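Each remark here refers to the structure printed beneath this line.
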Amino acid sequence: MHILIIYTGGTIGMKEDPATGQLRPFDFTQIEEEVPELKKSGFEMSTISFDPIDSSDIRPDFWVRIAETVRDNYPHYDGFVVLHGTDTMAYSASMLSFMFENLQKPVIFTGSQLPIGSLRTDGKENLITALQIAAARREGDKPMAPEVCIYFDSKLLRGNRTTKFSAEHFNAFNSFNYPPLAESGIHLRFNQALINEASGEDEKFAVHTDLNTDTGVLKIFPGMNQSTVNSVLRSQGLRSVIIETFGSGNAPTFPWFIDAIADAVKRGIIILNISQCKRGCVDPDKYVTGSMLKELGVVPGNDLTFEAGLTKLFYLQGKYLDNNEVVTRINTSIRGEIST
Ligand code: ASP
């Protein structure tokens with residue numbers, strides 16, 4: 001068993017500089033010095049280290065770089081662990097899940113809230129268990145979790161269902177609308193029925209690197225004014241806008257708001273409705289304030305996370321020039337990101 005660790009940055013790869021007390025990235029190729037327990041793992045591992053970034057600086061070209069690193073090394077490894085800052089890990093895991101088609105090997109993202117070089121770090125457990133998950137096999141020597149996942153604080157979550165919800169607790173991620181794929185306690189227990197089956201051997205693994213990020217975001221709030229709304233909906237070059245709505249997908253019924261949305265739809269802009277609530281889904285038929293949006297041509301995002309909705313648009317817009325092609329796929333599950 002051979003696992004590739006791809007180190008991209010974030011808190012996990014930091015150590016305190018004894019002189020200044022500041023956190024600095026350390027040379028991750030020396031990881032076994034920091035985590036000597038890794039020697040007991042019983043499988044081989046190799047490391048590729050990027051110039052580490054804080055994940056708040058993530059950009060689409062960085063996603064392409066991670067995806068290409070997996071693609072170029074795919075035949076030589078049984079699984080991949082991507083070490084990534086926690087701030088945007090849910091965006092990156094969602095994006096990569098769409099970029100990888102017919103993935104047959106685990107790609108497990110992890111990171112930590114405290115640097116691996118600090119005494120109380122959560123990074124060691126996260127790293128060691130993420131590696132074990134990447135290496136875990138079931139009958140027929142098939143990988144247990146051939147998906148893009150996030151492993152954090154004892155839970156394995158589907159990447160494109162995950163959101164970072166705590167800036168402070170070790171338990172920082174949750175997948176509010178989909179149960180954990182595995183939980184680690186004394187035993188590492190996989191919930192096989194929830195894990196995507198790897199596609200057949202003859203379906204070729206493909207990596208899509210054309211992303212189109214011409215998407216805007218409009219968060220609905222009481223007191224928002226017309227010019228703010230128009231400045232988003234009328235931004236130059238937009239193909240789509242996510243409106244972050246209340247509750248089960250509701251928005252105000254003021255005439256100026258309705259007109260602004262109707263006008264954007266008429267101009268061919270995709271408007272995707274995602275709820276500000278983390279658990280539950282957009283149900284446009286529940287209230288007039290939600291059904292009105294559907295009647296205007298707004299696409300209900302069901303139980304997509306914001307991160308998955310955004311990155312799914314980036315992927316679909318990169319793949320299809322015609323917005324109708326994008327719209328017909330938003331509510332269809334491509335990688336298990338949405339309940340249908
Ligand atoms: N700002 C850091 C990052 O996302 C936080 C972390 O790694 O936990 O890169």
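Ligands are numbered from 1 in the order shown, chains are lettered A, B, ... in the order of the structure tokens, and residues start at 1 in each chain.
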
TODO: Pick out the residues no farther than 9 Å from ligand 1, counting only C-alpha atoms and all ligand atoms, and list them as a PyMOL selection string.
DONE: chain A and resi 8-13+52-58+84-89+111-115+167

Give me the residues of segment 242-298 of chain A that have any atom at most 9 Å from an atom of segment 312-332 of chain A; for each, the nearest atom pair and the distance in Å, rounded to one decimal. Use only C-alpha atoms, sort by chain and number, and format it as a tab-separated table.
```
residue	atom	partner	partner_atom	distance
A:Gly268	CA	A:Asn323	CA	7.6
A:Ile269	CA	A:Asn323	CA	8.0
A:Ile270	CA	A:Asn323	CA	7.1
A:Leu272	CA	A:Ile330	CA	8.7
```

Same residues, N, CA, C and O atoms, output as a CSV table (one decimal), in the first residue's frame:
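The result, stored in result_8.csv:
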```
chain,number,residue,atom,x,y,z
A,268,GLY,N,-30.8,36.1,-18.9
A,268,GLY,CA,-30.2,34.8,-19.1
A,268,GLY,C,-29.2,34.4,-17.9
A,268,GLY,O,-28.5,33.4,-18.0
A,269,ILE,N,-29.3,35.1,-16.8
A,269,ILE,CA,-28.5,34.8,-15.7
A,269,ILE,C,-29.1,33.6,-14.9
A,269,ILE,O,-30.3,33.7,-14.6
A,270,ILE,N,-28.3,32.6,-14.5
A,270,ILE,CA,-28.8,31.5,-13.7
A,270,ILE,C,-28.9,32.0,-12.3
A,270,ILE,O,-27.9,32.6,-11.7
A,272,LEU,N,-29.4,30.7,-8.6
A,272,LEU,CA,-29.5,29.5,-7.8
A,272,LEU,C,-29.9,29.8,-6.3
A,272,LEU,O,-29.2,30.7,-5.7
```

TODO: Would you mind listing what lies within 12 Å of Leu233 of chain A as a ChimeraX atom specification, with only C-alpha atoms counted and same-chain residues fewer than 4 positions away left out?
DONE: /A:214-219,226-229,237-243,257,259-271

Task: Picked from segment 55-205 of chain A by DSSP as strand (DSSP E), as a ChimeraX atom specification - done: /A:79-83,100-101,107-110,137-138,142-143,148-152,155-158,163-164,173-174,182-184,188-190

Given the selection you just returned, output its residues as a file containing N, CA and C atoms, formatted as a tab-separated table (two decimals), in the first residue's frame.
```tsv
chain	number	residue	atom	x	y	z
A	79	GLY	N	-3.90	5.68	-2.69
A	79	GLY	CA	-4.78	6.69	-2.12
A	79	GLY	C	-3.99	7.97	-1.89
A	80	PHE	N	-4.75	9.05	-1.62
A	80	PHE	CA	-4.14	10.38	-1.49
A	80	PHE	C	-4.67	11.07	-0.24
A	81	VAL	N	-3.77	11.76	0.45
A	81	VAL	CA	-4.19	12.59	1.58
A	81	VAL	C	-3.75	14.01	1.25
A	82	VAL	N	-4.72	14.93	1.23
A	82	VAL	CA	-4.41	16.32	0.91
A	82	VAL	C	-4.45	17.13	2.21
A	83	LEU	N	-3.32	17.70	2.59
A	83	LEU	CA	-3.27	18.53	3.80
A	83	LEU	C	-3.52	19.97	3.38
A	100	PHE	N	-12.98	15.61	-10.46
A	100	PHE	CA	-12.62	14.20	-10.67
A	100	PHE	C	-13.84	13.40	-11.14
A	101	GLU	N	-13.71	12.80	-12.31
A	101	GLU	CA	-14.80	11.95	-12.80
A	101	GLU	C	-14.31	10.51	-12.77
A	107	VAL	N	-9.43	10.18	-1.92
A	107	VAL	CA	-8.71	11.46	-1.83
A	107	VAL	C	-9.24	12.11	-0.55
A	108	ILE	N	-8.43	12.06	0.50
A	108	ILE	CA	-8.91	12.47	1.83
A	108	ILE	C	-8.25	13.79	2.23
A	109	PHE	N	-9.07	14.81	2.39
A	109	PHE	CA	-8.56	16.10	2.86
A	109	PHE	C	-8.53	16.09	4.39
A	110	THR	N	-7.47	16.66	4.95
A	110	THR	CA	-7.49	16.93	6.39
A	110	THR	C	-6.58	18.12	6.70
A	137	ARG	N	-9.00	-1.02	3.02
A	137	ARG	CA	-9.52	-1.86	1.93
A	137	ARG	C	-10.65	-2.74	2.43
A	138	ARG	N	-11.54	-3.12	1.51
A	138	ARG	CA	-12.58	-4.10	1.85
A	138	ARG	C	-12.41	-5.30	0.93
A	142	LYS	N	-10.70	-3.74	-2.61
A	142	LYS	CA	-11.24	-2.45	-3.10
A	142	LYS	C	-11.09	-1.40	-2.02
A	143	PRO	N	-10.84	-0.14	-2.41
A	143	PRO	CA	-10.73	0.90	-1.38
A	143	PRO	C	-12.06	1.11	-0.65
A	148	VAL	N	-13.85	11.90	-2.76
A	148	VAL	CA	-13.17	13.05	-2.15
A	148	VAL	C	-13.87	13.31	-0.82
A	149	CYS	N	-13.14	13.17	0.27
A	149	CYS	CA	-13.73	13.28	1.61
A	149	CYS	C	-12.93	14.28	2.45
A	150	ILE	N	-13.55	14.66	3.56
A	150	ILE	CA	-12.81	15.40	4.59
A	150	ILE	C	-12.82	14.51	5.84
A	151	TYR	N	-11.62	14.28	6.38
A	151	TYR	CA	-11.56	13.60	7.68
A	151	TYR	C	-11.16	14.63	8.71
A	152	PHE	N	-11.93	14.76	9.76
A	152	PHE	CA	-11.62	15.75	10.79
A	152	PHE	C	-12.29	15.35	12.09
A	155	LYS	N	-14.48	12.15	12.32
A	155	LYS	CA	-15.55	11.88	11.34
A	155	LYS	C	-15.02	11.96	9.91
A	156	LEU	N	-15.44	10.99	9.12
A	156	LEU	CA	-15.16	11.05	7.68
A	156	LEU	C	-16.42	11.53	7.00
A	157	LEU	N	-16.31	12.67	6.30
A	157	LEU	CA	-17.48	13.30	5.69
A	157	LEU	C	-17.30	13.39	4.18
A	158	ARG	N	-18.40	13.28	3.46
A	158	ARG	CA	-18.29	13.49	2.00
A	158	ARG	C	-17.90	14.95	1.78
A	163	THR	N	-19.21	21.52	5.56
A	163	THR	CA	-19.07	22.96	5.84
A	163	THR	C	-18.22	23.12	7.09
A	164	LYS	N	-17.35	24.12	7.10
A	164	LYS	CA	-16.64	24.44	8.35
A	164	LYS	C	-17.58	25.28	9.20
A	173	PHE	N	-15.93	20.63	11.49
A	173	PHE	CA	-16.65	20.42	10.23
A	173	PHE	C	-17.90	19.59	10.47
A	174	ASN	N	-18.88	19.85	9.64
A	174	ASN	CA	-20.08	19.01	9.71
A	174	ASN	C	-20.66	18.85	8.31
A	182	ALA	N	-17.80	7.56	7.83
A	182	ALA	CA	-17.12	6.69	8.79
A	182	ALA	C	-16.92	7.46	10.07
A	183	GLU	N	-16.79	6.72	11.17
A	183	GLU	CA	-16.49	7.37	12.45
A	183	GLU	C	-15.37	6.61	13.11
A	184	SER	N	-14.48	7.37	13.74
A	184	SER	CA	-13.34	6.70	14.35
A	184	SER	C	-13.39	6.87	15.86
A	188	LEU	N	-12.40	1.93	13.66
A	188	LEU	CA	-12.70	2.81	12.54
A	188	LEU	C	-13.87	2.16	11.81
A	189	ARG	N	-15.08	2.76	11.96
A	189	ARG	CA	-16.27	2.10	11.39
A	189	ARG	C	-16.76	2.86	10.17
A	190	PHE	N	-16.78	2.15	9.04
A	190	PHE	CA	-17.26	2.74	7.79
A	190	PHE	C	-18.74	2.43	7.64
```

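Distances from A:Thr213, A:Met144, A:Ile128, A:Asp61 to Ile116 of chain A were compared using only C-alpha atoms, and the smallest one belongs to A:Ile128.
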
TODO: Can you list, as a ChimeraX atom specification, all residues belonging to segment 33-245 of chain A that DSSP tags as alpha helix (DSSP H)?
DONE: /A:33-34,60-73,89-99,123-135,226-233

Only C-alpha atoms, please: the residues just picked out, written as a PDB file, in the first residue's frame.
```pdb
ATOM      1  CA  GLU A  33      10.379  13.657  12.428  1.00  0.00           C
ATOM      2  CA  GLU A  34       7.296  15.520  13.687  1.00  0.00           C
ATOM      3  CA  PRO A  60      -8.917  28.199  -9.005  1.00  0.00           C
ATOM      4  CA  ASP A  61      -5.397  27.692 -10.410  1.00  0.00           C
ATOM      5  CA  PHE A  62      -4.452  26.140  -7.059  1.00  0.00           C
ATOM      6  CA  TRP A  63      -7.369  23.702  -7.346  1.00  0.00           C
ATOM      7  CA  VAL A  64      -6.113  22.797 -10.803  1.00  0.00           C
ATOM      8  CA  ARG A  65      -2.658  22.215  -9.360  1.00  0.00           C
ATOM      9  CA  ILE A  66      -3.966  19.841  -6.678  1.00  0.00           C
ATOM     10  CA  ALA A  67      -6.103  18.023  -9.272  1.00  0.00           C
ATOM     11  CA  GLU A  68      -3.185  17.664 -11.674  1.00  0.00           C
ATOM     12  CA  THR A  69      -0.930  16.406  -8.906  1.00  0.00           C
ATOM     13  CA  VAL A  70      -3.452  13.649  -8.155  1.00  0.00           C
ATOM     14  CA  ARG A  71      -3.873  12.914 -11.885  1.00  0.00           C
ATOM     15  CA  ASP A  72      -0.124  12.685 -12.569  1.00  0.00           C
ATOM     16  CA  ASN A  73       0.452  10.393  -9.601  1.00  0.00           C
ATOM     17  CA  MET A  89     -11.148  23.084   2.908  1.00  0.00           C
ATOM     18  CA  ALA A  90     -14.867  22.511   2.276  1.00  0.00           C
ATOM     19  CA  TYR A  91     -14.660  24.614  -0.918  1.00  0.00           C
ATOM     20  CA  SER A  92     -11.586  22.745  -2.160  1.00  0.00           C
ATOM     21  CA  ALA A  93     -12.969  19.296  -1.347  1.00  0.00           C
ATOM     22  CA  SER A  94     -16.238  20.216  -3.101  1.00  0.00           C
ATOM     23  CA  MET A  95     -14.400  21.591  -6.129  1.00  0.00           C
ATOM     24  CA  LEU A  96     -12.103  18.600  -6.459  1.00  0.00           C
ATOM     25  CA  SER A  97     -15.060  16.210  -6.176  1.00  0.00           C
ATOM     26  CA  PHE A  98     -16.531  17.774  -9.323  1.00  0.00           C
ATOM     27  CA  MET A  99     -13.190  17.957 -11.146  1.00  0.00           C
ATOM     28  CA  GLY A 123      -3.165  17.418  13.605  1.00  0.00           C
ATOM     29  CA  LYS A 124      -1.518  14.117  14.488  1.00  0.00           C
ATOM     30  CA  GLU A 125      -4.746  12.180  14.934  1.00  0.00           C
ATOM     31  CA  ASN A 126      -6.272  13.802  11.870  1.00  0.00           C
ATOM     32  CA  LEU A 127      -3.249  12.956   9.731  1.00  0.00           C
ATOM     33  CA  ILE A 128      -2.750   9.405  11.000  1.00  0.00           C
ATOM     34  CA  THR A 129      -6.424   8.447  10.634  1.00  0.00           C
ATOM     35  CA  ALA A 130      -6.735  10.158   7.236  1.00  0.00           C
ATOM     36  CA  LEU A 131      -3.802   8.012   6.068  1.00  0.00           C
ATOM     37  CA  GLN A 132      -5.430   4.875   7.460  1.00  0.00           C
ATOM     38  CA  ILE A 133      -8.671   5.726   5.680  1.00  0.00           C
ATOM     39  CA  ALA A 134      -6.830   6.309   2.409  1.00  0.00           C
ATOM     40  CA  ALA A 135      -5.222   2.884   2.823  1.00  0.00           C
ATOM     41  CA  GLN A 226     -32.200  48.145  -4.039  1.00  0.00           C
ATOM     42  CA  SER A 227     -28.828  49.442  -5.164  1.00  0.00           C
ATOM     43  CA  THR A 228     -26.954  46.664  -3.334  1.00  0.00           C
ATOM     44  CA  VAL A 229     -29.152  44.053  -4.981  1.00  0.00           C
ATOM     45  CA  ASN A 230     -28.758  45.641  -8.401  1.00  0.00           C
ATOM     46  CA  SER A 231     -25.016  46.013  -8.032  1.00  0.00           C
ATOM     47  CA  VAL A 232     -24.731  42.219  -7.672  1.00  0.00           C
ATOM     48  CA  LEU A 233     -27.338  41.223 -10.246  1.00  0.00           C
TER      49      LEU A 233
END
```

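Nearest residue to Leu194 of chain A, choosing from A:Gly247, A:Gly336, A:Pro252, A:Gly297 and counting only C-alpha atoms: A:Gly336.
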
For Phe43 of chain A, find every residue with an atom within 9 Å (counting only C-alpha atoms), except residues of its own chain fewer than 5 positions away, and show them as a CSV table (one decimal) with N, CA and C atoms, in the first residue's frame.
```
chain,number,residue,atom,x,y,z
A,1,MET,N,0.9,-1.2,0.0
A,1,MET,CA,0.0,0.0,0.0
A,1,MET,C,0.9,1.2,0.0
A,2,HIS,N,0.6,2.1,-0.9
A,2,HIS,CA,1.4,3.3,-1.0
A,2,HIS,C,0.5,4.6,-1.1
A,3,ILE,N,0.7,5.5,-0.1
A,3,ILE,CA,-0.2,6.7,-0.1
A,3,ILE,C,0.6,7.9,-0.3
A,135,ALA,N,-5.8,4.2,3.1
A,135,ALA,CA,-5.2,2.9,2.8
A,135,ALA,C,-6.2,1.8,3.1
```

What are the nearest atom pairs, with distances in Å to one decimal, for all residues of segment 68-187 of chain A that come at most 12 Å from segment 280-293 of chain A, using only C-alpha atoms, set out by chain and rising residue number as a tab-separated table?
```
residue	atom	partner	partner_atom	distance
A:Ser175	CA	A:Gly280	CA	11.1
A:Phe176	CA	A:Gly280	CA	7.8
A:Asn177	CA	A:Gly280	CA	6.5
A:Tyr178	CA	A:Gly280	CA	10.2
```

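Of the listed residues A:Asn250, A:Val35, A:Glu147, A:Ser46, the one whose atoms come nearest to Asn160 of chain A is A:Glu147, with distances taken using only C-alpha atoms.
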